[in-house]
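Coordinates from model.txt are shown below (compact mmCIF, C-alpha atoms and all ligand atoms).
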```
# COMPACT_ATOMS: atom_id res chain seq x y z
CA MET A 1 -10.45 31.45 -41.32
CA LEU A 2 -7.11 30.52 -39.77
CA LYS A 3 -6.78 28.17 -36.81
CA LYS A 4 -3.58 27.47 -34.85
CA ILE A 5 -3.11 23.76 -34.17
CA ASP A 6 -0.45 21.36 -32.94
CA THR A 7 1.44 19.93 -35.93
CA ARG A 8 0.62 16.44 -34.66
CA GLU A 9 -3.07 17.18 -35.19
CA LEU A 10 -2.53 17.74 -38.93
CA LYS A 11 -4.41 15.40 -41.25
CA ILE A 12 -4.39 14.71 -44.95
CA GLY A 13 -6.74 17.24 -46.59
CA MET A 14 -5.87 20.18 -44.29
CA VAL A 15 -4.30 23.32 -45.75
CA VAL A 16 -1.38 24.84 -43.87
CA GLU A 17 -1.57 28.58 -44.41
CA LYS A 18 1.33 29.78 -42.30
CA MET A 19 3.96 28.79 -39.78
CA ASP A 20 5.75 30.86 -37.18
CA ARG A 21 8.92 30.42 -39.22
CA SER A 22 10.56 32.24 -42.08
CA TRP A 23 10.38 30.66 -45.52
CA LEU A 24 14.02 29.60 -45.14
CA GLU A 25 13.28 27.61 -42.00
CA HIS A 26 10.58 25.26 -43.24
CA PRO A 27 10.68 22.39 -45.73
CA PHE A 28 8.13 23.63 -48.30
CA LEU A 29 8.53 25.77 -51.42
CA THR A 30 5.57 27.96 -50.53
CA ASN A 31 4.07 29.03 -47.22
CA ARG A 32 0.63 27.65 -48.14
CA LYS A 33 0.62 23.87 -48.46
CA LYS A 34 -2.16 21.33 -48.81
CA ILE A 35 -1.31 18.21 -46.80
CA THR A 36 -1.46 15.20 -49.08
CA SER A 37 0.75 12.68 -47.22
CA TYR A 38 1.93 11.81 -43.74
CA SER A 39 5.53 12.32 -44.83
CA GLN A 40 4.80 16.07 -45.19
CA ILE A 41 3.67 16.14 -41.55
CA ASN A 42 6.75 14.19 -40.54
CA LYS A 43 8.92 16.72 -42.40
CA LEU A 44 7.41 19.60 -40.41
CA LEU A 45 8.13 17.77 -37.16
CA GLU A 46 11.64 17.07 -38.38
CA TYR A 47 12.11 20.84 -38.76
CA SER A 48 10.86 21.23 -35.16
CA ILE A 49 7.74 23.07 -36.33
CA ASP A 50 5.39 22.14 -33.52
CA GLU A 51 2.48 24.46 -34.39
CA VAL A 52 0.95 25.60 -37.67
CA TYR A 53 -2.00 27.73 -38.84
CA ILE A 54 -4.50 25.89 -41.00
CA ASN A 55 -6.99 27.57 -43.33
CA ILE A 56 -10.30 25.88 -42.61
CA ASP A 57 -12.01 27.61 -45.56
CA LEU A 58 -9.66 25.87 -48.00
CA GLY A 59 -9.22 22.50 -46.33
CA LEU A 60 -10.33 20.21 -43.54
CA ASP A 61 -10.81 21.47 -39.99
CA VAL A 62 -9.83 19.72 -36.76
CA GLU A 63 -12.72 17.56 -35.65
CA PRO A 64 -13.46 17.05 -31.97
CA GLU A 65 -12.08 13.64 -30.99
CA GLU A 66 -15.43 12.42 -29.56
CA ASP A 67 -17.22 13.25 -32.79
CA ILE A 68 -14.74 11.28 -34.84
CA GLU A 69 -15.06 8.29 -32.56
CA GLU A 70 -18.85 8.40 -32.32
CA GLU A 71 -19.71 9.21 -35.89
CA THR A 72 -17.09 7.69 -38.11
CA GLU A 73 -15.46 4.85 -36.23
CA PRO A 74 -16.85 1.40 -36.91
CA GLU A 75 -17.71 -0.76 -33.93
CA ILE A 76 -14.61 -1.67 -31.92
CA GLU A 77 -13.41 -5.17 -32.58
CA ILE A 78 -12.76 -6.96 -29.33
CA PHE A 79 -9.29 -8.42 -29.47
CA GLU A 80 -9.09 -11.72 -27.64
CA PRO A 81 -5.55 -13.01 -27.71
CA GLU A 82 -4.74 -16.68 -27.37
CA PRO A 83 -3.62 -17.71 -23.87
CA PRO A 84 0.06 -16.96 -23.20
CA PRO A 85 2.67 -19.62 -23.92
CA PRO A 86 3.96 -21.58 -20.92
CA PRO A 87 6.62 -19.61 -19.01
CA ILE A 88 10.22 -20.42 -19.88
CA PRO A 89 12.55 -20.80 -16.92
CA PRO A 90 15.02 -17.91 -16.83
CA PRO A 91 18.76 -18.52 -16.64
CA SER A 92 19.88 -19.35 -13.11
CA PRO A 93 20.37 -16.41 -10.70
CA GLN A 94 24.14 -16.70 -10.66
CA THR A 95 24.15 -15.55 -14.28
CA TYR A 96 22.95 -12.06 -13.17
CA ARG A 97 26.42 -11.05 -12.00
CA PRO A 98 27.79 -8.10 -13.98
CA ALA A 99 30.62 -9.18 -16.29
CA SER A 100 33.92 -7.84 -15.07
CA SER A 101 36.50 -9.36 -17.41
CA PRO A 102 38.45 -6.73 -19.40
CA ASP A 103 37.72 -6.25 -23.10
CA PRO A 104 40.29 -7.82 -25.46
CA VAL A 105 39.89 -5.05 -28.06
CA VAL A 106 39.96 -1.31 -27.33
CA PHE A 107 36.85 0.76 -28.05
CA GLU A 108 38.31 2.76 -30.97
CA GLU A 109 39.44 -0.42 -32.76
CA GLU A 110 36.17 -2.31 -32.33
CA LEU A 111 34.17 0.71 -33.44
CA LYS A 112 35.45 0.19 -37.00
CA VAL A 113 34.20 -3.42 -37.10
CA ALA A 114 31.00 -2.61 -35.18
CA ARG A 115 30.06 -0.07 -37.86
CA ILE A 116 30.23 -2.78 -40.54
CA VAL A 117 28.21 -5.20 -38.40
CA GLN A 118 25.60 -2.52 -37.68
CA LYS A 119 25.26 -1.71 -41.37
CA GLU A 120 24.84 -5.39 -42.24
CA ALA A 121 22.23 -5.76 -39.49
CA ARG A 122 20.24 -2.83 -40.93
CA PHE A 123 20.27 -4.50 -44.35
CA VAL A 124 19.05 -7.77 -42.84
CA VAL A 125 16.25 -6.04 -40.92
CA ASN A 126 15.30 -4.11 -44.04
CA ASP A 127 14.96 -7.39 -45.97
CA VAL A 128 13.04 -9.04 -43.14
CA MET A 129 10.52 -6.19 -42.90
CA HIS A 130 10.11 -6.17 -46.67
CA ASP A 131 9.51 -9.93 -46.74
CA VAL A 132 6.86 -9.62 -44.04
CA ARG A 133 5.14 -6.79 -45.91
CA VAL A 134 4.86 -8.86 -49.09
CA GLY A 135 3.79 -12.00 -47.22
CA LYS A 136 7.01 -14.01 -47.67
CA ASN A 137 8.61 -16.09 -44.94
CA ILE A 138 11.67 -14.43 -43.43
CA GLU A 139 15.18 -15.88 -43.62
CA GLY A 140 15.97 -16.92 -40.06
CA GLU A 141 19.54 -17.97 -40.91
CA LYS A 142 20.45 -14.42 -42.00
CA VAL A 143 19.07 -13.02 -38.76
CA SER A 144 20.86 -15.60 -36.66
CA LYS A 145 24.16 -14.98 -38.47
CA VAL A 146 24.14 -11.22 -38.06
CA VAL A 147 23.03 -11.42 -34.41
CA GLY A 148 25.94 -13.83 -33.87
CA GLU A 149 28.28 -11.17 -35.32
CA MET A 150 26.82 -8.60 -32.95
CA VAL A 151 27.40 -10.93 -30.00
CA ASP A 152 31.02 -11.46 -31.14
CA SER A 153 31.53 -7.67 -31.35
CA ILE A 154 30.24 -7.22 -27.80
CA PHE A 155 32.61 -9.86 -26.48
CA ARG A 156 35.54 -8.03 -28.14
CA ASN A 157 34.44 -4.67 -26.71
CA ARG A 158 31.29 -4.12 -24.66
CA ASP A 159 30.70 -0.47 -25.64
CA ALA A 160 31.45 -0.08 -29.35
CA LEU A 161 28.22 -1.44 -30.85
CA ALA A 162 26.08 0.21 -28.17
CA SER A 163 27.70 3.59 -28.89
CA LEU A 164 26.51 3.37 -32.50
CA THR A 165 22.89 3.04 -31.43
CA ARG A 166 22.78 6.75 -30.75
CA ILE A 167 23.18 7.49 -34.46
CA LYS A 168 19.51 7.64 -35.29
CA GLY A 169 17.64 7.77 -38.59
CA TYR A 170 14.26 9.48 -38.98
CA ASP A 171 12.55 7.93 -41.98
CA GLU A 172 13.17 4.31 -41.18
CA TYR A 173 12.46 4.31 -37.46
CA THR A 174 11.21 0.72 -37.18
CA PHE A 175 14.28 -0.71 -38.96
CA VAL A 176 16.87 1.32 -37.05
CA HIS A 177 14.97 0.71 -33.80
CA SER A 178 15.04 -3.08 -34.30
CA VAL A 179 18.82 -3.08 -34.74
CA ASN A 180 19.32 -0.71 -31.82
CA VAL A 181 17.15 -2.74 -29.45
CA CYS A 182 19.04 -5.87 -30.46
CA ALA A 183 22.46 -4.22 -29.93
CA LEU A 184 21.49 -2.77 -26.55
CA CYS A 185 19.85 -6.02 -25.36
CA VAL A 186 22.95 -8.01 -26.21
CA THR A 187 25.10 -5.35 -24.51
CA LEU A 188 22.99 -5.51 -21.36
CA GLY A 189 22.99 -9.31 -21.57
CA ARG A 190 26.77 -9.36 -21.60
CA HIS A 191 26.82 -6.91 -18.67
CA LEU A 192 24.65 -9.43 -16.79
CA ASP A 193 27.09 -12.21 -17.72
CA PHE A 194 24.84 -14.32 -19.98
CA ASP A 195 26.63 -16.82 -22.19
CA PRO A 196 26.96 -16.27 -25.97
CA GLU A 197 24.12 -18.68 -26.87
CA GLN A 198 21.73 -16.99 -24.43
CA LEU A 199 22.76 -13.64 -25.92
CA ARG A 200 22.06 -14.89 -29.43
CA GLN A 201 18.53 -15.97 -28.47
CA LEU A 202 17.93 -12.67 -26.69
CA GLY A 203 19.30 -10.78 -29.72
CA ILE A 204 17.16 -12.67 -32.26
CA GLY A 205 14.02 -11.99 -30.21
CA ALA A 206 14.98 -8.34 -29.84
CA MET A 207 15.78 -7.90 -33.52
CA LEU A 208 12.46 -9.42 -34.63
CA HIS A 209 10.27 -8.05 -31.80
CA ASP A 210 8.48 -5.51 -34.00
CA THR A 211 8.23 -7.45 -37.29
CA GLY A 212 4.49 -7.75 -36.63
CA LYS A 213 4.22 -3.98 -37.13
CA MET A 214 4.61 -4.65 -40.84
CA MET A 215 1.17 -6.25 -40.73
CA VAL A 216 -0.39 -3.17 -39.16
CA PRO A 217 -1.88 -0.78 -41.78
CA ILE A 218 0.77 1.79 -42.71
CA GLU A 219 -1.52 4.76 -42.08
CA ILE A 220 -1.84 3.62 -38.45
CA LEU A 221 1.87 2.84 -38.13
CA ASN A 222 2.95 6.26 -39.46
CA LYS A 223 0.13 8.34 -38.05
CA PRO A 224 1.63 11.47 -36.48
CA GLY A 225 -1.35 12.17 -34.20
CA LYS A 226 -2.90 10.24 -31.35
CA LEU A 227 -4.34 6.86 -32.34
CA THR A 228 -8.07 6.32 -31.92
CA ASP A 229 -9.19 3.40 -29.72
CA ARG A 230 -9.76 1.23 -32.78
CA GLU A 231 -6.35 2.07 -34.24
CA PHE A 232 -4.65 1.39 -30.91
CA LEU A 233 -6.37 -1.99 -30.68
CA GLU A 234 -4.96 -2.81 -34.10
CA MET A 235 -1.49 -1.62 -33.06
CA LYS A 236 -1.66 -3.76 -29.90
CA LYS A 237 -1.84 -6.90 -32.03
CA HIS A 238 1.70 -6.48 -33.34
CA PRO A 239 3.48 -8.60 -30.65
CA ILE A 240 1.17 -11.51 -31.56
CA TYR A 241 1.81 -10.96 -35.26
CA SER A 242 5.59 -10.90 -34.57
CA ALA A 243 5.40 -14.23 -32.72
CA GLU A 244 3.31 -15.74 -35.55
CA ILE A 245 5.90 -14.64 -38.12
CA MET A 246 8.69 -16.11 -36.00
CA ALA A 247 6.75 -19.38 -35.57
CA ARG A 248 6.76 -19.78 -39.37
CA THR A 249 10.54 -19.17 -39.51
CA ASN A 250 13.12 -21.93 -39.35
CA GLY A 251 15.55 -21.96 -36.44
CA ILE A 252 13.76 -19.50 -34.14
CA SER A 253 13.62 -20.70 -30.53
CA GLU A 254 10.62 -20.47 -28.18
CA GLN A 255 12.70 -18.14 -26.03
CA ALA A 256 13.20 -15.66 -28.89
CA LYS A 257 9.51 -15.85 -29.80
CA THR A 258 8.54 -15.13 -26.21
CA VAL A 259 10.66 -11.96 -26.28
CA ALA A 260 8.57 -10.72 -29.20
CA ILE A 261 5.20 -11.65 -27.77
CA GLN A 262 5.94 -10.18 -24.32
CA HIS A 263 7.86 -7.00 -25.15
CA HIS A 264 4.89 -4.75 -24.31
CA GLU A 265 4.01 -6.53 -21.07
CA ARG A 266 4.76 -4.41 -18.00
CA TYR A 267 6.11 -5.59 -14.66
CA HIS A 268 3.08 -4.43 -12.67
CA GLY A 269 0.56 -5.96 -15.06
CA ASN A 270 -0.37 -2.84 -17.03
CA GLY A 271 0.96 -4.02 -20.40
CA TYR A 272 -0.41 -6.00 -23.32
CA PRO A 273 -1.42 -8.35 -24.94
CA TYR A 274 -1.95 -10.57 -21.87
CA GLY A 275 -1.51 -8.21 -18.91
CA LEU A 276 1.11 -10.53 -17.41
CA LYS A 277 2.92 -9.33 -14.29
CA GLY A 278 6.18 -9.87 -12.38
CA ASP A 279 7.99 -13.08 -13.16
CA GLU A 280 5.17 -14.26 -15.42
CA ILE A 281 7.13 -12.14 -17.88
CA GLN A 282 10.23 -13.96 -19.07
CA LEU A 283 13.54 -12.41 -18.00
CA PHE A 284 14.63 -11.66 -21.57
CA SER A 285 11.28 -9.96 -22.26
CA GLN A 286 11.70 -7.82 -19.14
CA LEU A 287 15.07 -6.62 -20.43
CA THR A 288 13.78 -6.05 -23.95
CA SER A 289 10.80 -4.02 -22.74
CA ILE A 290 13.13 -1.61 -20.88
CA ILE A 291 15.39 -1.16 -23.90
CA ASP A 292 12.48 -0.93 -26.35
CA VAL A 293 11.14 2.04 -24.38
CA TYR A 294 14.58 3.64 -23.94
CA ASP A 295 15.39 3.51 -27.65
CA ALA A 296 11.91 4.74 -28.58
CA ILE A 297 11.96 7.82 -26.35
CA THR A 298 15.49 8.74 -27.44
CA SER A 299 14.54 8.51 -31.16
CA ASN A 300 12.59 10.86 -33.42
CA ARG A 301 9.27 9.19 -34.21
CA CYS A 302 6.40 10.35 -36.37
CA TYR A 303 4.53 11.60 -33.31
CA SER A 304 7.29 12.71 -30.93
CA LYS A 305 10.78 14.19 -30.86
CA ALA A 306 13.79 12.40 -29.43
CA MET A 307 14.83 13.21 -25.89
CA PRO A 308 18.56 13.31 -25.09
CA ALA A 309 20.02 10.03 -23.83
CA TYR A 310 20.53 11.27 -20.25
CA GLU A 311 16.89 12.36 -20.05
CA GLY A 312 15.83 8.97 -21.39
CA ILE A 313 17.81 7.39 -18.57
CA LYS A 314 16.04 9.61 -16.01
CA LYS A 315 12.63 8.67 -17.44
CA LEU A 316 13.45 4.96 -17.31
CA TYR A 317 14.39 5.27 -13.67
CA GLU A 318 11.08 7.02 -12.96
CA TRP A 319 9.11 4.34 -14.80
CA GLY A 320 11.19 1.62 -13.15
CA ARG A 321 8.81 1.88 -10.19
CA THR A 322 5.65 1.31 -12.21
CA ASP A 323 6.44 -0.42 -15.49
CA PHE A 324 9.69 -2.31 -15.12
CA ASN A 325 11.70 -4.50 -12.81
CA LEU A 326 13.74 -1.74 -11.15
CA PRO A 327 16.98 -3.71 -10.55
CA PHE A 328 17.18 -4.38 -14.31
CA VAL A 329 16.66 -0.67 -15.06
CA GLU A 330 19.53 0.02 -12.68
CA SER A 331 21.67 -2.61 -14.41
CA PHE A 332 20.92 -0.99 -17.76
CA ILE A 333 21.91 2.45 -16.45
CA GLN A 334 25.10 0.99 -15.00
CA CYS A 335 25.83 -0.67 -18.33
CA LEU A 336 25.13 2.45 -20.43
CA GLY A 337 26.44 5.00 -17.92
CA ILE A 338 24.64 7.95 -16.32
CA PHE A 339 26.02 9.98 -19.23
CA PRO A 340 25.73 7.56 -22.15
CA VAL A 341 28.10 7.74 -25.12
CA GLY A 342 27.16 10.75 -27.25
CA THR A 343 26.00 12.93 -24.34
CA THR A 344 27.26 16.51 -24.64
CA VAL A 345 28.48 17.74 -21.26
CA GLN A 346 29.97 20.81 -19.58
CA LEU A 347 32.72 20.21 -17.03
CA ASP A 348 33.63 22.11 -13.84
CA SER A 349 36.55 23.53 -15.87
CA SER A 350 33.92 25.19 -18.16
CA GLU A 351 35.07 22.97 -21.02
CA ILE A 352 32.42 21.43 -23.26
CA GLY A 353 32.72 18.05 -24.95
CA VAL A 354 31.07 14.78 -25.90
CA VAL A 355 31.17 11.48 -23.98
CA ILE A 356 32.92 8.94 -26.19
CA SER A 357 33.29 5.91 -23.93
CA ILE A 358 32.02 4.65 -20.60
CA ASN A 359 34.06 3.90 -17.49
CA HIS A 360 32.16 0.96 -15.98
CA GLU A 361 34.05 1.14 -12.70
CA MET A 362 33.30 4.88 -12.26
CA ILE A 363 30.19 5.65 -14.29
CA LEU A 364 30.31 9.39 -13.54
CA ARG A 365 33.82 9.56 -15.03
CA PRO A 366 33.69 8.57 -18.72
CA GLN A 367 36.13 9.50 -21.47
CA VAL A 368 35.23 12.82 -23.11
CA ILE A 369 36.40 14.55 -26.28
CA LEU A 370 36.71 18.26 -25.47
CA LEU A 371 35.65 20.68 -28.22
CA PHE A 372 35.36 24.02 -26.38
CA LYS A 373 37.66 25.56 -23.73
CA ASP A 374 34.65 27.43 -22.38
CA GLU A 375 31.33 28.74 -23.68
CA ILE A 376 33.05 30.84 -26.36
CA ARG A 377 36.51 29.51 -27.24
CA ARG A 378 36.79 26.37 -29.34
CA TYR A 379 39.83 24.07 -29.05
CA PRO A 380 41.83 24.28 -32.33
CA THR A 381 42.18 20.48 -32.14
CA PRO A 382 39.80 18.40 -29.97
CA VAL A 383 41.37 16.92 -26.85
CA ILE A 384 40.46 13.49 -25.43
CA VAL A 385 40.46 13.32 -21.63
CA ASN A 386 39.71 10.62 -19.13
CA LEU A 387 37.66 12.02 -16.26
CA SER A 388 39.08 9.46 -13.82
CA GLU A 389 42.47 11.24 -14.08
CA ARG A 390 43.54 13.15 -10.99
CA THR A 391 45.51 16.39 -10.64
CA ALA A 392 49.35 16.24 -10.77
CA ASP A 393 49.59 15.95 -6.95
CA GLY A 394 47.31 12.89 -7.13
CA GLY A 395 44.63 14.64 -5.07
CA ARG A 396 41.27 15.57 -6.50
CA PHE A 397 39.91 14.64 -9.93
CA ALA A 398 41.17 17.04 -12.60
CA ARG A 399 37.78 17.43 -14.25
CA THR A 400 34.19 16.55 -13.30
CA ILE A 401 30.95 16.69 -15.29
CA MET A 402 28.76 19.57 -14.11
CA ARG A 403 25.78 19.10 -16.40
CA PRO A 404 24.61 17.73 -19.73
CA VAL A 405 24.07 20.48 -22.33
CA ASN A 406 22.20 20.74 -25.59
CA PRO A 407 24.65 20.05 -28.46
CA ALA A 408 22.60 22.22 -30.84
CA GLN A 409 23.45 25.28 -28.71
CA TRP A 410 27.15 24.81 -29.56
CA ARG A 411 26.50 23.57 -33.08
CA ILE A 412 28.04 20.23 -32.15
CA ASN A 413 27.25 17.39 -34.54
CA VAL A 414 27.54 14.47 -32.12
CA GLU A 415 27.24 11.79 -34.79
CA GLN A 416 30.07 13.33 -36.78
CA ILE A 417 32.27 13.54 -33.68
CA LEU A 418 31.63 9.88 -32.81
CA ALA A 419 32.28 8.85 -36.41
CA LYS A 420 35.67 10.61 -36.27
CA VAL A 421 36.66 9.01 -32.97
CA GLY A 422 36.74 5.60 -34.65
FE FE B 1 6.56 -3.06 -30.16
```
Kindly transcribe the structure held in the file into structure tokens.
Amino acid sequence: MLKKIDTRELKIGMVVEKMDRSWLEHPFLTNRKKITSYSQINKLLEYSIDEVYINIDLGLDVEPEEDIEEETEPEIEIFEPEPPPPPIPPPSPQTYRPASSPDPVVFEEELKVARIVQKEARFVVNDVMHDVRVGKNIEGEKVSKVVGEMVDSIFRNRDALASLTRIKGYDEYTFVHSVNVCALCVTLGRHLDFDPEQLRQLGIGAMLHDTGKMMVPIEILNKPGKLTDREFLEMKKHPIYSAEIMARTNGISEQAKTVAIQHHERYHGNGYPYGLKGDEIQLFSQLTSIIDVYDAITSNRCYSKAMPAYEGIKKLYEWGRTDFNLPFVESFIQCLGIFPVGTTVQLDSSEIGVVISINHEMILRPQVILLFKDEIRRYPTPVIVNLSERTADGGRFARTIMRPVNPAQWRINVEQILAKVG
């Protein structure tokens, strides 16, 4: 008998009998496929196959959630974390002023260097995660060095490194995510006018915030479906594990450790592991929690598809009232722009293009590379325009963004476009 289910409900041992897709549009050699690994489920999600038909005569059926919990789950282990570390005084309020000094290096130039730094950071994170998995101590000096290079990049140009964070991987989410969160935290930190040493501490905490996930069983970490209560309890230990790993590492400050341990705390007390609220949560942790969520929802993960950057921004603003310190969400949006780099937009001139750099003085008027003259005609050579430019008589703005659009509809490969801009 066939049963239609959400792809995220697939489990190892089920047999997929058919999909509402032609053979050419799915990743398997045959239409019938026995699920033997989570990576097969991830592949289906990668191909945007959200529903499948399983054959319950040939493989496992979907079990009601309550049954699984009642019959097969062992007794829930009560997780009692240690009391939180003493609060660390945040930098003084005058440091919250947005940085206004001009960048010494133009975006296009810094992009070339930022790419090298980003690649190096991914190697470092890869090594760190591997070391944690095999029970080795991590090399704090390597982390500190590469975070220092990221800070230097951001002081040369505030947007280059952040623009690269929108180039997402699928298979290595935790690694890419750690580098992205670090890059965006340091970018926001510079926007808020923190000094380079503060940025380095913030960046180290952000880069290592999820190292504890490497101590969570891989089948829980990569599970495409909803976690059971027991699995979620296990997952909720990862901030503590991260802080423990950092405590065993030379040269990691208390401030960086606190970022890791508090990155799932929420401003109104609904987070974990301690349920801290308001200013009990260190300033750097408040910033990291916002960026952690933003990067997660705008990335493909094993259990959900990425939302476009501008939708991620909208969501953050919504959650700013319940989960985060709203003024910091607003600072982040101001820093990233309403239409972050990589957003595909249609203008009032009907032209379609991709945002390539932010105008911090006029966040609705970024620089855009135009690819289409209208919904049908492509530009023979892309044209870069600055939306703060006015018409020849100096009156109104020559072009204005009307709406973000889906790049897939125009077969626009945003990552390729951004790569060419540099
Ligand atoms: Fe986390």
Sort by chain and increasing residue number a table of all residues of chain A within 7 Å of ligand FE 1 (chain B), each with its closest pair of atoms and their distance in Å to one decimal, counting all atoms listed in the file, and write it as CSV.
```
residue,atom,partner,partner_atom,distance
A:His209,CA,B:FE1,FE,6.4
A:Asp210,CA,B:FE1,FE,4.9
A:His238,CA,B:FE1,FE,6.7
A:Pro239,CA,B:FE1,FE,6.4
A:His263,CA,B:FE1,FE,6.5
A:His264,CA,B:FE1,FE,6.3
```
Could you save those same residues with C-alpha atoms as a PDB file, in the frame of the given file?
```
ATOM      1  CA  HIS A 209      10.270  -8.050 -31.800  1.00  0.00           C
ATOM      2  CA  ASP A 210       8.480  -5.510 -34.000  1.00  0.00           C
ATOM      3  CA  HIS A 238       1.700  -6.480 -33.340  1.00  0.00           C
ATOM      4  CA  PRO A 239       3.480  -8.600 -30.650  1.00  0.00           C
ATOM      5  CA  HIS A 263       7.860  -7.000 -25.150  1.00  0.00           C
ATOM      6  CA  HIS A 264       4.890  -4.750 -24.310  1.00  0.00           C
TER       7      HIS A 264
END
```
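As for CA of Ile261 (chain A) and CA of Ile240 (chain A), they are spaced 5.5 Å apart.
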Hey, can you check how far CA of Ser48 (chain A) sits from CA of Asn413 (chain A)? 16.8 Å
For Leu364 (chain A), list every protein, DNA or RNA residue within 8 Å, evaluated using all atoms listed in the file, and leave out those in the same chain fewer than 2 positions away; present the list as a ChimeraX atom specification. /A:337-339,359,362,366,401
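Neighbours of region 316-319 of chain A closer than or equal to 10 Å, with all atoms listed in the file counted and sequence neighbours fewer than 6 positions away skipped, come out as Ile290, Ile291, Val293, Tyr294, Ile297, Tyr310, Asn325, Leu326, Pro327, Val329, Glu330, Phe332 and Ile333 of chain A.
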May I have the residues within 12 Å of Glu139 (chain A) as number ranges by chain, using all atoms listed in the file and disregarding those fewer than 6 positions away in the same chain? A: 124-132, 145-146, 204, 208, 245-246, 248-252
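Taking CA of Thr211 (chain A) and CA of Thr174 (chain A) as endpoints, the distance between them is 8.7 Å.
Closest approach to Gly312 (chain A) from the set A:Trp410, A:Lys43, A:Arg166, A:Asp6 is made by A:Arg166, with distances taken over all atoms listed in the file.
When all atoms listed in the file are used to measure the gap to Lys112 (chain A), the shortest distance among A:Leu184, A:Phe232, A:Ile369, A:Leu161 belongs to A:Leu161.
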Could you give me, as a ChimeraX atom specification, the residues within 7 Å of Val181 (chain A), counting only C-alpha atoms and dropping anything in the same chain fewer than 6 positions from it? /A:206-207,291-292,295
Those selected residues, please, written with C-alpha atoms and delivered as an mmCIF file, keeping the file's coordinate frame.
```cif
data_model
loop_
_atom_site.group_PDB
_atom_site.id
_atom_site.type_symbol
_atom_site.label_atom_id
_atom_site.label_comp_id
_atom_site.auth_asym_id
_atom_site.auth_seq_id
_atom_site.Cartn_x
_atom_site.Cartn_y
_atom_site.Cartn_z
ATOM 1 C CA ALA A 206 14.980 -8.340 -29.840
ATOM 2 C CA MET A 207 15.780 -7.900 -33.520
ATOM 3 C CA ILE A 291 15.390 -1.160 -23.900
ATOM 4 C CA ASP A 292 12.480 -0.930 -26.350
ATOM 5 C CA ASP A 295 15.390 3.510 -27.650
#
```
Under the rule that all atoms listed in the file are counted, which of A:Leu192, A:Phe284, A:Gly271, A:Leu276 is the nearest residue to Val259 (chain A)? A:Phe284
I'd like the contact shell of Thr298 (chain A) - 9 Å cut-off, only C-alpha atoms, skipping same-chain residues fewer than 5 positions apart - returned as a PyMOL selection string. chain A and resi 166+168+293+305-309+311-312
Counting all atoms listed in the file, which of A:Gln409, A:Ser350, A:Thr187, A:Asn222 gets nearest to Arg377 (chain A)? A:Ser350
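Residue nearest Ser178 (chain A) within the list A:Gln201, A:Gln40, A:Thr288, A:Gln262: A:Thr288 [criterion: smallest interatomic distance, all atoms listed in the file].
Closest approach to Glu280 (chain A) among A:Thr7, A:Gln198, A:Thr258, A:Ser144: A:Thr258, based on all atoms listed in the file.
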Hey, could you patch up region 170-180 of chain A with N, CA and C atoms and hand it over as a PDB file, in the coordinates of the input?
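Below is the file that was written, selection.pdb:
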```pdb
ATOM      1  N   TYR A 170      15.623   8.981 -39.214  1.00  0.00           N
ATOM      2  CA  TYR A 170      14.260   9.480 -38.980  1.00  0.00           C
ATOM      3  C   TYR A 170      13.242   8.697 -39.802  1.00  0.00           C
ATOM      4  N   ASP A 171      13.540   8.510 -41.071  1.00  0.00           N
ATOM      5  CA  ASP A 171      12.550   7.930 -41.980  1.00  0.00           C
ATOM      6  C   ASP A 171      12.304   6.452 -41.738  1.00  0.00           C
ATOM      7  N   GLU A 172      13.312   5.757 -41.285  1.00  0.00           N
ATOM      8  CA  GLU A 172      13.170   4.310 -41.180  1.00  0.00           C
ATOM      9  C   GLU A 172      13.223   3.889 -39.724  1.00  0.00           C
ATOM     10  N   TYR A 173      12.406   4.533 -38.902  1.00  0.00           N
ATOM     11  CA  TYR A 173      12.460   4.310 -37.460  1.00  0.00           C
ATOM     12  C   TYR A 173      12.384   2.838 -37.081  1.00  0.00           C
ATOM     13  N   THR A 174      11.407   2.104 -37.630  1.00  0.00           N
ATOM     14  CA  THR A 174      11.210   0.720 -37.180  1.00  0.00           C
ATOM     15  C   THR A 174      12.433  -0.144 -37.464  1.00  0.00           C
ATOM     16  N   PHE A 175      13.105   0.102 -38.599  1.00  0.00           N
ATOM     17  CA  PHE A 175      14.280  -0.710 -38.960  1.00  0.00           C
ATOM     18  C   PHE A 175      15.455  -0.400 -38.020  1.00  0.00           C
ATOM     19  N   VAL A 176      15.744   0.907 -37.890  1.00  0.00           N
ATOM     20  CA  VAL A 176      16.870   1.320 -37.050  1.00  0.00           C
ATOM     21  C   VAL A 176      16.607   0.887 -35.608  1.00  0.00           C
ATOM     22  N   HIS A 177      15.356   1.060 -35.174  1.00  0.00           N
ATOM     23  CA  HIS A 177      14.970   0.710 -33.800  1.00  0.00           C
ATOM     24  C   HIS A 177      15.211  -0.785 -33.540  1.00  0.00           C
ATOM     25  N   SER A 178      14.873  -1.641 -34.504  1.00  0.00           N
ATOM     26  CA  SER A 178      15.040  -3.080 -34.300  1.00  0.00           C
ATOM     27  C   SER A 178      16.513  -3.444 -34.100  1.00  0.00           C
ATOM     28  N   VAL A 179      17.382  -2.808 -34.876  1.00  0.00           N
ATOM     29  CA  VAL A 179      18.820  -3.080 -34.740  1.00  0.00           C
ATOM     30  C   VAL A 179      19.333  -2.519 -33.416  1.00  0.00           C
ATOM     31  N   ASN A 180      18.876  -1.321 -33.077  1.00  0.00           N
ATOM     32  CA  ASN A 180      19.320  -0.710 -31.820  1.00  0.00           C
ATOM     33  C   ASN A 180      18.900  -1.535 -30.603  1.00  0.00           C
TER      34      ASN A 180
END
```
